[in-house]
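Contents: one structure, followed by commentary.
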Amino acid sequence: MSSIPVTAEGKKKIQHELEELQSRVPTIAKAIEDAREKGDLRENAEYHAAREEMSMINARIQDLRSKLSRAVVVDESQIDTSRVAFGAKVKLEDLKDKSIEDWLLVGEGEDDPLENKILTSSPMGLALMGKKAGETINVNAPVGNLKFKIKSISY
């Protein structure tokens, strides 16, 4: 099992989701029990829906437990801030349309493309890792080859 780099905030987010899901288990178990008491389970939609929900929640709980067991909170004070690394906020200029975007490199479970948080293991994250401000990167994306210039790096 490989470790997963996370921020302290990211680890708290995973723990909070785990606790929230675990708190739902007794309610769903009660719904399964109530549906079971209604008789024939083959045609009991409530029973099947509750079982399916329980199965999905249990799978997510196992996934979150696995992530937490492998999570390693990164000590940001040990990072070379002159290069792009885990936790970096990178300002990029798209060399095609000259637009500027900020991206934050995060660990598994913290990514959110709508908030410009990308995984260090994503194509963009891999292209950025170890680079310095002023360098140009190429990203092989599903939409084609993208080119960016790193304008600045901050932590």
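So you can find residues: chains in the structure tokens are A, B, ... in the order shown, residues in each start at 1, and ligands are numbered from 1 in order.
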List every residue of chain A that DSSP, applied to the backbone of this structure, places in alpha helix (DSSP H), and write the result as an mmCIF file with C-alpha atoms, in the first residue's frame.
data_model
loop_
_atom_site.group_PDB
_atom_site.id
_atom_site.type_symbol
_atom_site.label_atom_id
_atom_site.label_comp_id
_atom_site.auth_asym_id
_atom_site.auth_seq_id
_atom_site.Cartn_x
_atom_site.Cartn_y
_atom_site.Cartn_z
ATOM 1 C CA ALA A 8 -4.203 18.580 7.510
ATOM 2 C CA GLU A 9 -7.404 20.136 6.161
ATOM 3 C CA GLY A 10 -7.808 17.323 3.643
ATOM 4 C CA LYS A 11 -7.417 14.667 6.327
ATOM 5 C CA LYS A 12 -10.069 16.400 8.458
ATOM 6 C CA LYS A 13 -12.398 16.500 5.448
ATOM 7 C CA ILE A 14 -12.006 12.737 4.914
ATOM 8 C CA GLN A 15 -12.543 12.045 8.641
ATOM 9 C CA HIS A 16 -15.667 14.245 8.674
ATOM 10 C CA GLU A 17 -17.165 12.417 5.680
ATOM 11 C CA LEU A 18 -16.388 9.061 7.316
ATOM 12 C CA GLU A 19 -18.064 10.092 10.583
ATOM 13 C CA GLU A 20 -21.089 11.417 8.701
ATOM 14 C CA LEU A 21 -21.533 8.159 6.783
ATOM 15 C CA GLN A 22 -21.029 6.016 9.886
ATOM 16 C CA SER A 23 -23.752 7.997 11.669
ATOM 17 C CA ARG A 24 -26.205 7.096 8.863
ATOM 18 C CA VAL A 25 -25.669 3.330 9.171
ATOM 19 C CA PRO A 26 -28.067 2.743 12.128
ATOM 20 C CA THR A 27 -30.866 4.644 10.368
ATOM 21 C CA ILE A 28 -30.471 2.587 7.204
ATOM 22 C CA ALA A 29 -30.241 -0.645 9.198
ATOM 23 C CA LYS A 30 -33.541 0.297 10.876
ATOM 24 C CA ALA A 31 -35.103 0.982 7.441
ATOM 25 C CA ILE A 32 -33.974 -2.462 6.239
ATOM 26 C CA GLU A 33 -35.432 -4.076 9.367
ATOM 27 C CA ASP A 34 -38.743 -2.204 8.956
ATOM 28 C CA ALA A 35 -38.974 -3.134 5.267
ATOM 29 C CA ARG A 36 -38.157 -6.774 6.066
ATOM 30 C CA ALA A 45 -38.913 -2.001 -3.242
ATOM 31 C CA GLU A 46 -38.241 -0.280 0.094
ATOM 32 C CA TYR A 47 -36.166 -3.240 1.254
ATOM 33 C CA HIS A 48 -34.115 -3.380 -1.946
ATOM 34 C CA ALA A 49 -33.552 0.399 -1.960
ATOM 35 C CA ALA A 50 -32.392 0.370 1.668
ATOM 36 C CA ARG A 51 -30.067 -2.603 1.035
ATOM 37 C CA GLU A 52 -28.589 -0.858 -2.005
ATOM 38 C CA GLU A 53 -28.045 2.345 -0.026
ATOM 39 C CA MET A 54 -26.405 0.380 2.802
ATOM 40 C CA SER A 55 -24.132 -1.364 0.315
ATOM 41 C CA MET A 56 -23.034 1.933 -1.254
ATOM 42 C CA ILE A 57 -22.414 3.556 2.131
ATOM 43 C CA ASN A 58 -20.418 0.564 3.378
ATOM 44 C CA ALA A 59 -18.269 0.639 0.225
ATOM 45 C CA ARG A 60 -17.611 4.370 0.673
ATOM 46 C CA ILE A 61 -16.801 3.849 4.369
ATOM 47 C CA GLN A 62 -14.244 1.179 3.442
ATOM 48 C CA ASP A 63 -12.733 3.484 0.814
ATOM 49 C CA LEU A 64 -12.427 6.358 3.301
ATOM 50 C CA ARG A 65 -10.930 4.093 5.977
ATOM 51 C CA SER A 66 -8.365 2.895 3.447
ATOM 52 C CA LYS A 67 -7.475 6.472 2.505
ATOM 53 C CA LEU A 68 -7.142 7.474 6.154
ATOM 54 C CA SER A 69 -4.916 4.501 6.925
ATOM 55 C CA ARG A 70 -2.570 5.530 4.092
ATOM 56 C CA PRO A 123 -1.753 14.778 -15.959
ATOM 57 C CA MET A 124 -1.589 18.498 -15.089
ATOM 58 C CA GLY A 125 -0.177 17.781 -11.620
ATOM 59 C CA LEU A 126 2.488 15.447 -12.992
ATOM 60 C CA ALA A 127 3.515 18.019 -15.606
ATOM 61 C CA LEU A 128 3.836 20.711 -12.915
#
Excluding A:Gln78 and its own-chain neighbours fewer than 5 positions away, which residues fall within 12 Å of it when counting only C-alpha atoms? Please give them as a PDB file with C-alpha atoms, in the first residue's frame.
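As a result, out_34.pdb now contains:
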ATOM      1  CA  VAL A  73      -0.020  14.787   6.367  1.00  0.00           C
ATOM      2  CA  ALA A  85       5.300  20.492  -5.081  1.00  0.00           C
ATOM      3  CA  PHE A  86       2.381  19.166  -3.086  1.00  0.00           C
ATOM      4  CA  GLY A  87       0.310  22.046  -1.683  1.00  0.00           C
ATOM      5  CA  TYR A 155       2.368  28.103  -0.652  1.00  0.00           C
TER       6      TYR A 155
END
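Between A:Asp111 and the candidates A:Asn140, A:Ser82, A:Ser154, A:Thr7, the tightest atom-to-atom separation, counting only C-alpha atoms, involves A:Thr7.
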Need to verify the contact set: A:Ile100, 12 Å, only C-alpha atoms, exclusion of same-chain residues closer than 2 positions in sequence. Can you return it as a PDB file with N, CA and C atoms, in the first residue's frame?
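Contents of around.pdb, as written:
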ATOM      1  N   VAL A  90      -0.349  27.408  -8.004  1.00  0.00           N
ATOM      2  CA  VAL A  90       0.407  27.748  -9.200  1.00  0.00           C
ATOM      3  C   VAL A  90      -0.450  28.607 -10.118  1.00  0.00           C
ATOM      4  N   LYS A  91       0.104  29.745 -10.515  1.00  0.00           N
ATOM      5  CA  LYS A  91      -0.562  30.630 -11.475  1.00  0.00           C
ATOM      6  C   LYS A  91      -0.015  30.268 -12.845  1.00  0.00           C
ATOM      7  N   LEU A  92      -0.913  29.865 -13.746  1.00  0.00           N
ATOM      8  CA  LEU A  92      -0.532  29.415 -15.082  1.00  0.00           C
ATOM      9  C   LEU A  92      -1.125  30.316 -16.150  1.00  0.00           C
ATOM     10  N   GLU A  93      -0.334  30.534 -17.197  1.00  0.00           N
ATOM     11  CA  GLU A  93      -0.827  31.249 -18.371  1.00  0.00           C
ATOM     12  C   GLU A  93      -0.985  30.231 -19.487  1.00  0.00           C
ATOM     13  N   ASP A  94      -2.195  30.134 -20.022  1.00  0.00           N
ATOM     14  CA  ASP A  94      -2.446  29.259 -21.169  1.00  0.00           C
ATOM     15  C   ASP A  94      -1.812  29.937 -22.382  1.00  0.00           C
ATOM     16  N   LEU A  95      -0.845  29.298 -23.004  1.00  0.00           N
ATOM     17  CA  LEU A  95      -0.123  29.913 -24.112  1.00  0.00           C
ATOM     18  C   LEU A  95      -0.953  30.014 -25.386  1.00  0.00           C
ATOM     19  N   LYS A  96      -2.085  29.328 -25.430  1.00  0.00           N
ATOM     20  CA  LYS A  96      -2.945  29.394 -26.610  1.00  0.00           C
ATOM     21  C   LYS A  96      -3.818  30.648 -26.582  1.00  0.00           C
ATOM     22  N   ASP A  97      -4.517  30.859 -25.449  1.00  0.00           N
ATOM     23  CA  ASP A  97      -5.441  32.002 -25.392  1.00  0.00           C
ATOM     24  C   ASP A  97      -5.011  33.094 -24.397  1.00  0.00           C
ATOM     25  N   LYS A  98      -3.847  32.914 -23.779  1.00  0.00           N
ATOM     26  CA  LYS A  98      -3.257  33.893 -22.846  1.00  0.00           C
ATOM     27  C   LYS A  98      -4.075  34.096 -21.573  1.00  0.00           C
ATOM     28  N   ASP A 102      -5.361  29.934 -11.630  1.00  0.00           N
ATOM     29  CA  ASP A 102      -4.663  29.461 -10.438  1.00  0.00           C
ATOM     30  C   ASP A 102      -5.096  28.035 -10.163  1.00  0.00           C
ATOM     31  N   TRP A 103      -4.127  27.166  -9.872  1.00  0.00           N
ATOM     32  CA  TRP A 103      -4.403  25.769  -9.546  1.00  0.00           C
ATOM     33  C   TRP A 103      -3.708  25.420  -8.244  1.00  0.00           C
ATOM     34  N   PHE A 148       1.348  25.549 -21.090  1.00  0.00           N
ATOM     35  CA  PHE A 148       1.186  26.581 -20.083  1.00  0.00           C
ATOM     36  C   PHE A 148       2.555  27.116 -19.673  1.00  0.00           C
ATOM     37  N   LYS A 149       2.567  28.364 -19.256  1.00  0.00           N
ATOM     38  CA  LYS A 149       3.764  28.950 -18.663  1.00  0.00           C
ATOM     39  C   LYS A 149       3.467  29.177 -17.191  1.00  0.00           C
ATOM     40  N   ILE A 150       4.394  28.769 -16.333  1.00  0.00           N
ATOM     41  CA  ILE A 150       4.216  28.956 -14.893  1.00  0.00           C
ATOM     42  C   ILE A 150       4.572  30.404 -14.565  1.00  0.00           C
ATOM     43  N   LYS A 151       3.579  31.172 -14.149  1.00  0.00           N
ATOM     44  CA  LYS A 151       3.786  32.593 -13.829  1.00  0.00           C
ATOM     45  C   LYS A 151       4.314  32.770 -12.415  1.00  0.00           C
ATOM     46  N   SER A 152       3.740  32.001 -11.466  1.00  0.00           N
ATOM     47  CA  SER A 152       4.201  32.115 -10.076  1.00  0.00           C
ATOM     48  C   SER A 152       3.822  30.871  -9.297  1.00  0.00           C
TER      49      SER A 152
END
Pull the strand (DSSP E) assignments for stretch 40-133 of chain A out of DSSP run on the backbone, and list those residues as a PyMOL selection string. chain A and resi 71-73+89-94+100-106+117-119
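For the choices A:Asp80, A:Glu110, A:Glu43, A:Glu101, the atom-to-atom distance to A:Gly130 is smallest for A:Asp80 when using only C-alpha atoms.
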Using only C-alpha atoms, which of the listed residues (A:Ile137, A:Ser3, A:Met129, A:Asp112) sits closest to A:Ile79? A:Met129
